[in-house]
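As structure tokens, the structure follows; a few thoughts come after it.
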Amino acid sequence: MGKVFVDAIVQFTKEGEKIPLEIVWKDGKRFEVDRVLDIRKAASLKAGGRGIRYKCRVRGKEIYLFLDDDKWFIET
Amino acid sequence: MNRVILHCDLNNFYASVECLYNPELRDKPVAVCGSAEDRHGIVLAKNYIAKSYGVRTGEATWEAKRKCPGLITVKPNYSLYLKFSRYAREIYEYYTDRIESFGIDECWLDVSESLLLFGDGTKIADEIRRRVKSEMGVTVSIGVSYNKIFAKLGSDIKKPDAVTVITEDNFKDKVWRLPVEELLYVGRSTKAKLNNLSVFTIGDLANCSSQFLVNQLGKWGSILWNFANGYDISPVAKLGYEAAIKGIGNSITTPRDLTKNEDVKILIYVLSESVGERLRRHNFKGRTVQISIRDTALKSIDRQGKLDRHTYITSEIAAKAYEIFLNSWDWSKNIRSLGVRVTDLVEGDNFVQMSFFLEDIKRQKREAIDACVDRIRERFGHYSVQRAVLLEDEGLNANPAQDHVIFPVSYFRNS
């Protein structure tokens with residue numbers, strides 16, 4: 001259980017939304033976000049924090065990716 | 001039509017935020033404490049586990065640790081708390097534009113005009129409670145009532161993460177049984193006075209005659225009587241409403257006790273510098289100088305004096321403050337904390353009556369010096385220019401203008 005900050009490749013849409021396209025793990029491995037399923041504000045009790053929560057499908061698995069102000073993190 | 005007012009109180013606010021960000025602390029007793037080295041070492045907030053050991057807000061850190069040996073103390077992170085306070089407001093703003101903050105973790109919301117959109121007060125309160133929990137990861141307790149006083153009492157009745165409704169039908173049952181000190185503005189000394197009159201609950205207070213209370217307590221008697229009977233009609237301020245500033249002041253708890261006049265003089269200059277700087281920044285001049293002194297037994301006194309004319313000149317404020325001090329302190333005890341405040345404000349660039357004598361030129365020169373010092377400090381930092389008096393004991397030097405953040409304002413600022 002923990003919180004891992006990650007680099008993210010993000011699309012800024014003309015409506016002002018931010019859509020994560022790729023997550024870069026600390027060892028440099030890249031994971032493509034296949035699809036964003038849900039976006040909402042939420043707290044992460046698991047990782048300890050809060051932010052805009054993106055429910056993403058990555059390689060067939062659903063993960064929560066959080067944007068807290070300017071930093072992206074995931075629950076592990 | 002009856003108003004519907006919510007009072008939202010974020011539970012154990014500082015401690016809850018710390019526990020959210022540090023999951024490993026969650027099932028341990030936690031207290032957020034000021035720094036002991038600077039002698040701000042008191043408990044600012046604690047979680048429920050610490051509370052069950054009897055740890056209380058406001059007591060010294062060492063006292064708390066004696067009650068609860070495993071207590072984990074964390075340093076406060078005010079900028080994070082301010083951020084969370086803003087997130088909470090964002091949620092409230094979804095339901096109404098009448099929001100009035102009371103300190104960092106409490107707000108009143110007047111939702112009377114939102115009922116058609118969102119449903120009754122209880123429903124809105126429940127929705128806010130759920131959203132705060134899921135979106136922010138902290139809990140809120142909410143009182144719903146028809147005036148601000150009962151709403152505030154309601155938010156204290158059941159916590160955490162709960163809603164209490166107080167209506168005109170059930171307030172005698174719910175509110176009147178509470179001890180009188182639960183009422184806003186009944187503090188230690190008012191409680192003692194009321195208890196002497198054999199007033200122990202809010203109901204006792206409400207059932208006194210208002211005239212009797214006025215005879216005993218002065219105008220506060222009638223205010224408290226109105227509070228207790230639910231006659232309070234003070235409005236919830238509109239969003240973005242800023243109370244007119246009535247005074248500017250700074251106070252500081254010193255790293256060591258002050259034992260002689262020279263110490264106090266240094267401190268008064270430190271505080272007056274910051275007060276003066278803020279007056280000038282906001283373009284105010286003040287005429288009344290107040291000082292507050294708290295001794296080592298934590299007893300405090302306030303004294304004030306009037307200047308001949310309005311000013312924002314640091315040296316004039318400091319000289320007056322020091323003069324007041326010399327007239328009001330006999331050194332029977334040493335001093336732990338000191339405050340300087342300037343009130344009776346007018347706009348700084350108003351017209352002034354010139355004097356027959358030469359002092360106007362001197363004053364203009366002093367104003368110019370202060371303005372110059374302000375500019376130097378703006379560019380090169382607060383400590384780039386210092387008064388010689390501050391060099392006598394650098395330990396006492398500080399920049400209070402930098403770290404004054406959160407003061408709960410008076411309930412009566414609208415009236």
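In the structure tokens, chains take letters A, B, ... by order of appearance, with residues numbered from 1 within each chain and ligands from 1 in the order shown.
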
Practice problem: Would you list the contacts of Glu75 (chain A) as a ChimeraX atom specification, taking every protein, DNA or RNA residue within 10 Å and counting only C-alpha atoms, but skipping same-chain residues closer than 4 positions in sequence? | Solution: /A:1-5,44-49,63-66

I need the residues from that last selection saved to file as an mmCIF file, in the first residue's frame (with N, CA and C atoms), if you can.
data_model
loop_
_atom_site.group_PDB
_atom_site.id
_atom_site.type_symbol
_atom_site.label_atom_id
_atom_site.label_comp_id
_atom_site.auth_asym_id
_atom_site.auth_seq_id
_atom_site.Cartn_x
_atom_site.Cartn_y
_atom_site.Cartn_z
ATOM 1 N N MET A 1 0.834 -1.197 0.000
ATOM 2 C CA MET A 1 0.000 0.000 0.000
ATOM 3 C C MET A 1 0.868 1.246 0.000
ATOM 4 N N GLY A 2 0.682 2.093 -0.961
ATOM 5 C CA GLY A 2 1.491 3.299 -0.931
ATOM 6 C C GLY A 2 1.171 4.228 -2.076
ATOM 7 N N LYS A 3 2.014 5.238 -2.150
ATOM 8 C CA LYS A 3 1.768 6.327 -3.078
ATOM 9 C C LYS A 3 3.016 6.456 -3.937
ATOM 10 N N VAL A 4 2.845 6.395 -5.231
ATOM 11 C CA VAL A 4 3.997 6.544 -6.110
ATOM 12 C C VAL A 4 3.736 7.692 -7.078
ATOM 13 N N PHE A 5 4.600 8.691 -6.989
ATOM 14 C CA PHE A 5 4.469 9.784 -7.946
ATOM 15 C C PHE A 5 5.057 9.343 -9.281
ATOM 16 N N SER A 44 -7.795 9.617 -1.742
ATOM 17 C CA SER A 44 -7.217 8.283 -1.799
ATOM 18 C C SER A 44 -6.785 7.891 -0.405
ATOM 19 N N LEU A 45 -7.577 7.026 0.230
ATOM 20 C CA LEU A 45 -7.223 6.611 1.577
ATOM 21 C C LEU A 45 -6.037 5.655 1.537
ATOM 22 N N LYS A 46 -5.947 4.909 0.436
ATOM 23 C CA LYS A 46 -4.874 3.937 0.294
ATOM 24 C C LYS A 46 -3.520 4.627 0.181
ATOM 25 N N ALA A 47 -3.442 5.620 -0.702
ATOM 26 C CA ALA A 47 -2.155 6.262 -0.941
ATOM 27 C C ALA A 47 -1.916 7.410 0.037
ATOM 28 N N GLY A 48 -2.996 7.981 0.546
ATOM 29 C CA GLY A 48 -2.853 9.131 1.420
ATOM 30 C C GLY A 48 -2.763 10.408 0.617
ATOM 31 N N GLY A 49 -3.889 10.974 0.280
ATOM 32 C CA GLY A 49 -3.893 12.200 -0.510
ATOM 33 C C GLY A 49 -5.267 12.396 -1.121
ATOM 34 N N ILE A 63 -6.855 1.103 -13.106
ATOM 35 C CA ILE A 63 -6.082 1.728 -12.025
ATOM 36 C C ILE A 63 -6.632 3.128 -11.766
ATOM 37 N N TYR A 64 -6.334 3.625 -10.583
ATOM 38 C CA TYR A 64 -6.673 4.999 -10.246
ATOM 39 C C TYR A 64 -5.422 5.866 -10.366
ATOM 40 N N LEU A 65 -5.532 6.899 -11.165
ATOM 41 C CA LEU A 65 -4.433 7.858 -11.329
ATOM 42 C C LEU A 65 -4.940 9.190 -10.780
ATOM 43 N N PHE A 66 -4.182 9.775 -9.860
ATOM 44 C CA PHE A 66 -4.630 11.015 -9.213
ATOM 45 C C PHE A 66 -3.798 12.201 -9.671
#

Practice problem: From a DSSP pass on the backbone, collect the residues of chain A flagged as strand (DSSP E or B) and hand them back as number ranges by chain. | Solution: A: 3-12, 18-24, 30-32, 35-44, 49-58, 61-68, 71-75

Self-check item: Closest of B:Ala64, B:Ile104, B:Leu217, B:Val138 to chain A - atom-to-atom distances counting only C-alpha atoms
Solution: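 Checking each of B:Ala64, B:Ile104, B:Leu217, B:Val138 against chain A, counting only C-alpha atoms, the winner is B:Val138.
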
Practice problem: Would you kindly report the residues of chain B within 9 Å of chain A, using only C-alpha atoms, as a count of residues only? | Solution: 13

Self-check item: Residue nearest Phe31 (chain A) among A:Leu67, A:Ile9, A:Val58, A:Ile74 (counting only C-alpha atoms)
Solution: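 Going through A:Leu67, A:Ile9, A:Val58, A:Ile74 one by one, the smallest distance to Phe31 (chain A) is for A:Val58.
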
Contacts of Ile266 (chain B) at 10 Å or less, counting only C-alpha atoms, minus same-chain residues fewer than 3 places along, as a PDB file with C-alpha atoms, in the first residue's frame?
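Once written, part.pdb looks like this:
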ATOM      1  CA  ASN B 261      12.272  47.052  30.000  1.00  0.00           C
ATOM      2  CA  GLU B 262      14.986  46.816  27.346  1.00  0.00           C
ATOM      3  CA  ASP B 263      13.683  43.408  26.238  1.00  0.00           C
ATOM      4  CA  TYR B 269       9.975  47.728  17.877  1.00  0.00           C
ATOM      5  CA  VAL B 270       9.805  44.335  16.173  1.00  0.00           C
ATOM      6  CA  LEU B 271       6.022  44.336  16.389  1.00  0.00           C
ATOM      7  CA  SER B 272       5.555  48.009  15.532  1.00  0.00           C
ATOM      8  CA  ALA B 318       6.541  52.124  18.904  1.00  0.00           C
ATOM      9  CA  TYR B 322       6.438  51.698  24.915  1.00  0.00           C
ATOM     10  CA  ARG B 387      17.086  49.035  13.667  1.00  0.00           C
ATOM     11  CA  ALA B 388      20.123  49.258  15.914  1.00  0.00           C
ATOM     12  CA  VAL B 389      18.005  48.467  18.959  1.00  0.00           C
ATOM     13  CA  LEU B 390      17.283  45.023  17.530  1.00  0.00           C
ATOM     14  CA  LEU B 391      20.966  44.135  17.541  1.00  0.00           C
ATOM     15  CA  GLU B 392      21.050  44.072  21.320  1.00  0.00           C
ATOM     16  CA  ASP B 393      19.434  40.674  21.394  1.00  0.00           C
ATOM     17  CA  GLU B 394      19.059  39.024  18.031  1.00  0.00           C
ATOM     18  CA  LEU B 396      14.192  38.300  20.025  1.00  0.00           C
ATOM     19  CA  ASN B 397      14.164  39.500  16.436  1.00  0.00           C
TER      20      ASN B 397
END

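When CA of Leu21 (chain A) is paired with CA of Tyr87 (chain B), their separation reads 26.6 Å.
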
Members of region 174-413 of chain B assigned helix (DSSP H, G or I) by DSSP, as a short mmCIF file (atom, residue, chain, number, x, y, z; two decimals) with N, CA and C atoms, in the first residue's frame:
data_model
loop_
_atom_site.label_atom_id
_atom_site.label_comp_id
_atom_site.auth_asym_id
_atom_site.auth_seq_id
_atom_site.Cartn_x
_atom_site.Cartn_y
_atom_site.Cartn_z
N LYS B 174 -33.22 19.73 22.57
CA LYS B 174 -31.84 19.45 22.17
C LYS B 174 -30.84 20.47 22.71
N VAL B 180 -24.15 25.66 29.79
CA VAL B 180 -24.22 27.01 29.27
C VAL B 180 -22.93 27.41 28.53
N GLU B 181 -21.78 26.78 28.90
CA GLU B 181 -20.53 27.19 28.26
C GLU B 181 -20.42 26.72 26.81
N GLU B 182 -21.36 25.89 26.37
CA GLU B 182 -21.36 25.48 24.96
C GLU B 182 -21.77 26.63 24.04
N ARG B 188 -14.69 31.28 29.92
CA ARG B 188 -14.43 30.91 31.30
C ARG B 188 -15.07 31.87 32.30
N SER B 189 -14.88 33.19 32.08
CA SER B 189 -15.32 34.11 33.12
C SER B 189 -16.84 34.30 33.09
N THR B 190 -17.43 34.32 31.89
CA THR B 190 -18.89 34.43 31.83
C THR B 190 -19.53 33.20 32.44
N LYS B 191 -18.92 32.05 32.18
CA LYS B 191 -19.45 30.81 32.76
C LYS B 191 -19.47 30.91 34.29
N ALA B 192 -18.37 31.39 34.86
CA ALA B 192 -18.28 31.51 36.31
C ALA B 192 -19.37 32.44 36.84
N LYS B 193 -19.54 33.58 36.14
CA LYS B 193 -20.57 34.53 36.57
C LYS B 193 -21.95 33.89 36.53
N LEU B 194 -22.23 33.19 35.41
CA LEU B 194 -23.56 32.60 35.25
C LEU B 194 -23.78 31.50 36.28
N ASN B 195 -22.75 30.67 36.50
CA ASN B 195 -22.89 29.60 37.48
C ASN B 195 -23.19 30.17 38.87
N ASN B 196 -22.58 31.32 39.17
CA ASN B 196 -22.85 31.98 40.44
C ASN B 196 -24.32 32.37 40.57
N ILE B 202 -28.14 25.98 29.06
CA ILE B 202 -28.63 27.01 28.15
C ILE B 202 -30.11 27.29 28.43
N GLY B 203 -30.83 26.26 28.84
CA GLY B 203 -32.24 26.43 29.20
C GLY B 203 -32.40 27.37 30.39
N ASP B 204 -31.53 27.20 31.42
CA ASP B 204 -31.57 28.11 32.57
C ASP B 204 -31.44 29.54 32.11
N LEU B 205 -30.48 29.74 31.18
CA LEU B 205 -30.21 31.08 30.67
C LEU B 205 -31.43 31.63 29.95
N ALA B 206 -32.04 30.80 29.12
CA ALA B 206 -33.18 31.25 28.33
C ALA B 206 -34.36 31.61 29.22
N ASN B 207 -34.46 30.93 30.36
CA ASN B 207 -35.61 31.16 31.22
C ASN B 207 -35.42 32.29 32.22
N SER B 210 -34.67 38.75 30.63
CA SER B 210 -33.59 39.39 29.92
C SER B 210 -33.07 40.60 30.71
N GLN B 211 -33.96 41.29 31.40
CA GLN B 211 -33.56 42.46 32.18
C GLN B 211 -32.61 42.07 33.31
N PHE B 212 -32.91 40.94 33.93
CA PHE B 212 -32.05 40.44 35.01
C PHE B 212 -30.63 40.21 34.49
N LEU B 213 -30.53 39.60 33.30
CA LEU B 213 -29.21 39.31 32.73
C LEU B 213 -28.48 40.59 32.37
N VAL B 214 -29.23 41.57 31.87
CA VAL B 214 -28.60 42.85 31.53
C VAL B 214 -28.05 43.49 32.80
N ASN B 215 -28.81 43.42 33.90
CA ASN B 215 -28.32 43.97 35.15
C ASN B 215 -27.04 43.29 35.60
N GLN B 216 -26.95 41.99 35.36
CA GLN B 216 -25.80 41.23 35.83
C GLN B 216 -24.60 41.34 34.90
N LEU B 217 -24.85 41.28 33.58
CA LEU B 217 -23.74 41.13 32.64
C LEU B 217 -23.58 42.32 31.70
N LYS B 219 -24.58 44.63 28.44
CA LYS B 219 -25.29 44.39 27.19
C LYS B 219 -25.13 42.94 26.72
N TRP B 220 -24.05 42.28 27.19
CA TRP B 220 -23.89 40.87 26.82
C TRP B 220 -25.03 40.02 27.34
N GLY B 221 -25.62 40.46 28.45
CA GLY B 221 -26.74 39.72 29.01
C GLY B 221 -27.85 39.53 28.00
N SER B 222 -28.21 40.61 27.33
CA SER B 222 -29.33 40.50 26.41
C SER B 222 -28.92 39.74 25.14
N ILE B 223 -27.65 39.91 24.73
CA ILE B 223 -27.21 39.16 23.55
C ILE B 223 -27.27 37.66 23.82
N LEU B 224 -26.73 37.24 24.96
CA LEU B 224 -26.71 35.81 25.28
C LEU B 224 -28.13 35.28 25.46
N TRP B 225 -29.00 36.10 26.05
CA TRP B 225 -30.38 35.67 26.24
C TRP B 225 -31.05 35.42 24.88
N ASN B 226 -30.79 36.33 23.93
CA ASN B 226 -31.32 36.13 22.58
C ASN B 226 -30.76 34.86 21.95
N PHE B 227 -29.45 34.65 22.11
CA PHE B 227 -28.82 33.43 21.59
C PHE B 227 -29.55 32.20 22.13
N ALA B 228 -29.75 32.18 23.45
CA ALA B 228 -30.28 30.98 24.10
C ALA B 228 -31.72 30.71 23.68
N ASN B 229 -32.46 31.76 23.34
CA ASN B 229 -33.85 31.58 22.95
C ASN B 229 -34.04 31.39 21.45
N ASN B 261 12.84 46.09 30.93
CA ASN B 261 12.27 47.05 30.00
C ASN B 261 12.94 47.01 28.63
N GLU B 262 14.27 46.80 28.63
CA GLU B 262 14.99 46.82 27.35
C GLU B 262 14.49 45.70 26.43
N ASP B 263 14.23 44.52 27.03
CA ASP B 263 13.68 43.41 26.24
C ASP B 263 12.38 43.83 25.57
N VAL B 264 11.52 44.44 26.38
CA VAL B 264 10.21 44.82 25.88
C VAL B 264 10.34 45.86 24.77
N LYS B 265 11.31 46.76 24.96
CA LYS B 265 11.51 47.80 23.95
C LYS B 265 11.86 47.15 22.60
N ILE B 266 12.76 46.17 22.64
CA ILE B 266 13.13 45.48 21.40
C ILE B 266 11.89 44.88 20.76
N LEU B 267 11.12 44.15 21.57
CA LEU B 267 9.95 43.47 21.05
C LEU B 267 8.93 44.45 20.49
N ILE B 268 8.74 45.54 21.19
CA ILE B 268 7.77 46.53 20.72
C ILE B 268 8.20 47.08 19.37
N TYR B 269 9.52 47.26 19.19
CA TYR B 269 9.98 47.73 17.88
C TYR B 269 9.74 46.67 16.80
N VAL B 270 10.04 45.41 17.14
CA VAL B 270 9.81 44.34 16.17
C VAL B 270 8.35 44.34 15.72
N LEU B 271 7.45 44.41 16.70
CA LEU B 271 6.02 44.34 16.39
C LEU B 271 5.55 45.59 15.67
N SER B 272 6.01 46.76 16.14
CA SER B 272 5.55 48.01 15.53
C SER B 272 6.03 48.11 14.09
N GLU B 273 7.23 47.60 13.83
CA GLU B 273 7.73 47.61 12.45
C GLU B 273 6.75 46.89 11.55
N SER B 274 6.33 45.72 12.01
CA SER B 274 5.45 44.94 11.15
C SER B 274 4.06 45.56 11.06
N VAL B 275 3.58 46.10 12.19
CA VAL B 275 2.27 46.76 12.15
C VAL B 275 2.33 47.97 11.22
N GLY B 276 3.39 48.76 11.37
CA GLY B 276 3.54 49.94 10.52
C GLY B 276 3.61 49.56 9.06
N GLU B 277 4.39 48.52 8.78
CA GLU B 277 4.53 48.09 7.39
C GLU B 277 3.18 47.69 6.80
N ARG B 278 2.39 46.98 7.61
CA ARG B 278 1.08 46.55 7.09
C ARG B 278 0.13 47.73 6.95
N LEU B 279 0.19 48.67 7.89
CA LEU B 279 -0.65 49.87 7.76
C LEU B 279 -0.33 50.58 6.45
N ARG B 280 0.96 50.73 6.18
CA ARG B 280 1.35 51.47 4.97
C ARG B 280 0.96 50.70 3.72
N ARG B 281 1.12 49.38 3.79
CA ARG B 281 0.79 48.58 2.61
C ARG B 281 -0.70 48.71 2.28
N THR B 314 6.33 54.02 11.95
CA THR B 314 6.75 52.99 12.90
C THR B 314 7.23 53.57 14.22
N SER B 315 8.09 54.59 14.14
CA SER B 315 8.70 55.07 15.38
C SER B 315 7.67 55.72 16.29
N GLU B 316 6.65 56.34 15.72
CA GLU B 316 5.61 56.95 16.56
C GLU B 316 4.77 55.88 17.25
N ILE B 317 4.44 54.83 16.48
CA ILE B 317 3.66 53.74 17.06
C ILE B 317 4.45 53.09 18.20
N ALA B 318 5.72 52.81 17.92
CA ALA B 318 6.54 52.12 18.90
C ALA B 318 6.72 52.98 20.15
N ALA B 319 6.96 54.28 19.96
CA ALA B 319 7.17 55.16 21.12
C ALA B 319 5.92 55.17 22.00
N LYS B 320 4.75 55.26 21.34
CA LYS B 320 3.51 55.29 22.11
C LYS B 320 3.31 53.96 22.85
N ALA B 321 3.54 52.86 22.13
CA ALA B 321 3.34 51.55 22.74
C ALA B 321 4.26 51.38 23.94
N TYR B 322 5.49 51.84 23.81
CA TYR B 322 6.44 51.70 24.91
C TYR B 322 6.01 52.56 26.10
N GLU B 323 5.52 53.76 25.78
CA GLU B 323 5.04 54.65 26.84
C GLU B 323 3.89 53.99 27.62
N ILE B 324 2.94 53.41 26.85
CA ILE B 324 1.81 52.74 27.51
C ILE B 324 2.34 51.61 28.39
N PHE B 325 3.31 50.89 27.83
CA PHE B 325 3.84 49.76 28.59
C PHE B 325 4.44 50.21 29.92
N LEU B 326 5.27 51.26 29.86
CA LEU B 326 5.94 51.72 31.08
C LEU B 326 4.92 52.13 32.13
N ASN B 327 3.77 52.62 31.68
CA ASN B 327 2.75 53.05 32.63
C ASN B 327 1.91 51.91 33.18
N SER B 328 2.01 50.73 32.57
CA SER B 328 1.06 49.71 32.98
C SER B 328 1.70 48.40 33.47
N GLU B 359 6.92 70.38 13.38
CA GLU B 359 6.92 68.92 13.40
C GLU B 359 6.41 68.28 12.11
N ASP B 360 5.63 69.02 11.33
CA ASP B 360 5.13 68.43 10.10
C ASP B 360 6.25 68.03 9.16
N ILE B 361 7.26 68.88 9.11
CA ILE B 361 8.39 68.55 8.23
C ILE B 361 9.09 67.30 8.73
N LYS B 362 9.24 67.23 10.06
CA LYS B 362 9.87 66.04 10.63
C LYS B 362 9.05 64.80 10.32
N ARG B 363 7.74 64.94 10.44
CA ARG B 363 6.89 63.79 10.17
C ARG B 363 7.01 63.34 8.72
N GLN B 364 7.03 64.32 7.83
CA GLN B 364 7.17 63.95 6.43
C GLN B 364 8.47 63.20 6.19
N LYS B 365 9.49 63.65 6.87
CA LYS B 365 10.78 62.98 6.71
C LYS B 365 10.69 61.54 7.22
N ARG B 366 10.03 61.38 8.37
CA ARG B 366 9.92 60.03 8.92
C ARG B 366 9.10 59.13 8.00
N GLU B 367 8.04 59.70 7.45
CA GLU B 367 7.25 58.91 6.51
C GLU B 367 8.09 58.48 5.33
N ALA B 368 8.92 59.41 4.84
CA ALA B 368 9.76 59.10 3.70
C ALA B 368 10.75 57.99 4.05
N ILE B 369 11.29 58.07 5.27
CA ILE B 369 12.24 57.03 5.68
C ILE B 369 11.55 55.67 5.72
N ASP B 370 10.35 55.63 6.31
CA ASP B 370 9.63 54.36 6.39
C ASP B 370 9.34 53.81 5.00
N ALA B 371 8.91 54.70 4.12
CA ALA B 371 8.60 54.24 2.76
C ALA B 371 9.85 53.66 2.10
N CYS B 372 10.97 54.32 2.37
CA CYS B 372 12.23 53.87 1.78
C CYS B 372 12.62 52.50 2.33
N VAL B 373 12.49 52.35 3.65
CA VAL B 373 12.82 51.05 4.27
C VAL B 373 11.92 49.95 3.70
N ASP B 374 10.65 50.27 3.53
CA ASP B 374 9.73 49.29 2.95
C ASP B 374 10.21 48.82 1.59
N ARG B 375 10.68 49.78 0.80
CA ARG B 375 11.11 49.41 -0.56
C ARG B 375 12.38 48.58 -0.55
N ILE B 376 13.28 48.96 0.33
CA ILE B 376 14.51 48.16 0.43
C ILE B 376 14.16 46.73 0.84
N ARG B 377 13.26 46.62 1.80
CA ARG B 377 12.90 45.28 2.29
C ARG B 377 12.19 44.48 1.22
N GLU B 378 11.39 45.17 0.45
CA GLU B 378 10.68 44.48 -0.62
C GLU B 378 11.67 43.86 -1.60
N ARG B 379 12.76 44.59 -1.87
CA ARG B 379 13.71 44.09 -2.86
C ARG B 379 14.73 43.13 -2.28
N PHE B 380 15.18 43.41 -1.04
CA PHE B 380 16.31 42.63 -0.53
C PHE B 380 15.98 41.78 0.68
N HIS B 382 13.42 41.10 4.39
CA HIS B 382 13.07 41.81 5.62
C HIS B 382 14.28 42.17 6.45
N TYR B 383 15.27 41.29 6.50
CA TYR B 383 16.40 41.51 7.42
C TYR B 383 17.53 42.35 6.81
N SER B 384 17.29 42.91 5.60
CA SER B 384 18.35 43.69 4.97
C SER B 384 18.55 45.03 5.66
N ALA B 388 18.99 49.58 15.04
CA ALA B 388 20.12 49.26 15.91
C ALA B 388 19.65 48.59 17.20
N VAL B 389 18.46 49.01 17.68
CA VAL B 389 18.00 48.47 18.96
C VAL B 389 17.82 46.94 18.88
N LEU B 390 17.53 46.45 17.68
CA LEU B 390 17.28 45.02 17.53
C LEU B 390 18.56 44.21 17.62
N LEU B 391 19.71 44.87 17.49
CA LEU B 391 20.97 44.13 17.54
C LEU B 391 21.35 43.75 18.97
N GLU B 392 20.70 44.37 19.94
CA GLU B 392 21.05 44.07 21.32
C GLU B 392 20.77 42.63 21.67
N GLU B 394 19.59 39.48 19.32
CA GLU B 394 19.06 39.02 18.03
C GLU B 394 18.07 37.87 18.19
N GLY B 395 18.15 37.21 19.34
CA GLY B 395 17.23 36.10 19.59
C GLY B 395 15.78 36.55 19.59
N LEU B 396 15.57 37.82 19.93
CA LEU B 396 14.19 38.30 20.02
C LEU B 396 13.66 38.82 18.70
#

Self-check item: Distance in Å - CA of Pro160 (chain B) versus CA of Val43 (chain B)
Solution: 19.4 Å

Practice problem: Have a look at B:Ile142, B:Val74, B:Cys8, B:Leu25 and name the one nearest to Gly103 (chain B); count only C-alpha atoms. | Solution: B:Cys8

Practice problem: With a distance cut-off of 10 Å and only C-alpha atoms, select the neighbouring residues of Glu62 (chain A), excluding the residue or stretch itself and same-chain residues fewer than 4 positions from it, and output the selection as a ChimeraX atom specification. | Solution: /A:33-37,55-58

Suppose we keep C-alpha atoms; can you now write the selection as a short mmCIF file (atom, residue, chain, number, x, y, z; two decimals), in the first residue's frame?
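Everything below was put into selection-v9.cif:
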data_model
loop_
_atom_site.label_atom_id
_atom_site.label_comp_id
_atom_site.auth_asym_id
_atom_site.auth_seq_id
_atom_site.Cartn_x
_atom_site.Cartn_y
_atom_site.Cartn_z
CA VAL A 33 -3.49 4.65 -20.96
CA ASP A 34 -5.92 2.72 -23.13
CA ARG A 35 -8.95 4.55 -21.90
CA VAL A 36 -10.10 6.98 -19.21
CA LEU A 37 -13.27 5.52 -17.72
CA LYS A 55 -10.05 5.79 -13.45
CA CYS A 56 -7.91 4.40 -16.28
CA ARG A 57 -7.60 1.14 -18.13
CA VAL A 58 -3.94 0.26 -18.61
#
